[in-house]
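As structure tokens, the structure follows; a few thoughts come after it.
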Amino acid sequence: MWRHLFDYGPYGGMPGEGEVGEVAFAKESMVEFGVNAVYTEHWWRLDGGKGPYLALHAPAEGESPEGIIVVAGDHFIYARNRRARIPGFGNLADMLRRARDPLALLDAEFSYGRRRGGRVPWEVLLSTVPMREGRRRFGASAFRSRAGRPGVDRIAVGDPAVQRFTIVDSTLPADRLDAFLNARDAAD
């Protein structure tokens with residue numbers, strides 16, 4: 001079972017529950033089932049998804065909201081929670097109509113792109129922030145790894161402000177992290 005760290009929209013179930021799901025693996029796909037909400041999602045592997053895997057997490061700190069970066073081969077997802085807390089549960093459209101500051105409820109980013117296979121490194125292909133699409137999500141040398149040093153598993157991402165991510169999981173050796181993240185590595 002798993003639980004979301006954060007979502008774009010509010011959870012539609014009972015207050016205090018949060019969305020919980022289970023996954024099962026089929027021949028060529030993964031199937032996700034809702035535990036406390038009725039839904040089924042089918043996930044298939046994308047071309048270019050084989051290769052190194054890296055998962056990073058940044059907790060909310062000061063002005064920086066919680067965020068994640070997941071890289072699988074040439075694909076990446078960047079998600080940043082909103083700075084304002086979503087009030088409760090229910091329907092996002094209803095919340096927007098009632099909110100004092102509706103834009104604060106939309107201040108979250110979920111972007112998908114290609115690390116090297118786009119027109120530019122880290123090109124965003126789809127995003128909840130439309131002006132990101134077709135552009136580079138992270139600048140050249142945005143990632144500064146401190147991984148590999150004794151007791152350190154942090155990566156600073158500066159774009160534009162520095163946010164500190166912890167390595168949650170990785171198939172990469174520490175000495176390849178900087179080149180991989182800054183898209184300067186050799187073909188995988």
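By order of appearance in the structure tokens: chains A, B, ..., then residues from 1 within every chain, and ligands from 1 in the order shown.
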
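For Gly34 in chain A, the residues within 6 Å (counting only C-alpha atoms, excluding itself and residues fewer than 4 positions away along the chain) are Gly21, Val38 and Tyr39 of chain A.
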
Check: If we count only C-alpha atoms, what is near range 107-115 of chain A at a cut-off of 7 Å, once residues fewer than 4 positions away on the same chain are taken out, given as a ChimeraX atom specification?
Finding: /A:8,74-83,103,121-129,183

Limited to C-alpha atoms, could you put the picked residues into a file as a compact mmCIF listing (two decimals), in the first residue's frame?
# COMPACT_ATOMS: atom_id res chain seq x y z
CA TYR A 8 -3.11 18.50 -7.31
CA ASP A 74 15.04 9.41 -19.99
CA HIS A 75 11.69 10.31 -18.36
CA PHE A 76 11.23 12.61 -15.39
CA ILE A 77 8.44 13.91 -13.21
CA TYR A 78 8.79 16.99 -11.06
CA ALA A 79 6.04 17.72 -8.54
CA ARG A 80 5.89 20.66 -6.15
CA ASN A 81 3.13 21.06 -3.62
CA ARG A 82 1.30 24.35 -3.25
CA ARG A 83 2.48 26.84 -0.65
CA LEU A 103 -4.71 31.22 -7.33
CA PRO A 121 17.81 18.76 -21.57
CA TRP A 122 15.03 18.47 -18.99
CA GLU A 123 12.38 19.56 -21.51
CA VAL A 124 8.88 19.70 -20.01
CA LEU A 125 6.33 18.03 -22.30
CA LEU A 126 3.22 18.26 -20.08
CA SER A 127 2.59 20.40 -17.02
CA THR A 128 -0.06 21.91 -14.78
CA VAL A 129 1.94 25.13 -15.35
CA ALA A 183 22.42 15.67 -18.56

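Shortest atom-to-atom contact with Arg136 in chain A among A:Val20, A:Asn182, A:Leu177, A:Ala99: A:Asn182, counting only C-alpha atoms.
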
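You can rank A:Glu41, A:Glu32, A:Glu133, A:Asp94 by their closest distance to Val120 in chain A using only C-alpha atoms, and at the top of that list sits A:Glu133.
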
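When only C-alpha atoms are used to compute distances to Val70 in chain A, the closest of the residues A:Val31, A:Ala58, A:Ala104, A:Ala37 turns out to be A:Ala58.
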
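Backbone DSSP over range 54-140 of chain A yields strand (DSSP E) at Leu54, Ala55, Leu56, His57, Ala58, Gly67, Ile68, Ile69, Val70, Val71, Ala72, His75, Phe76, Ile77, Tyr78, Ala79, Arg80, Glu109, Phe110, Ser111, Tyr112, Gly113, Arg114, Glu123, Val124, Leu125, Leu126 and Ser127 of chain A.
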
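You can rank A:Leu96, A:Arg119, A:Asp178, A:Glu22 by their closest distance to Arg144 in chain A using only C-alpha atoms, and at the top of that list sits A:Asp178.
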
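The spacing separating CA of Ala55 in chain A from CA of Thr166 in chain A amounts to 8.5 Å.
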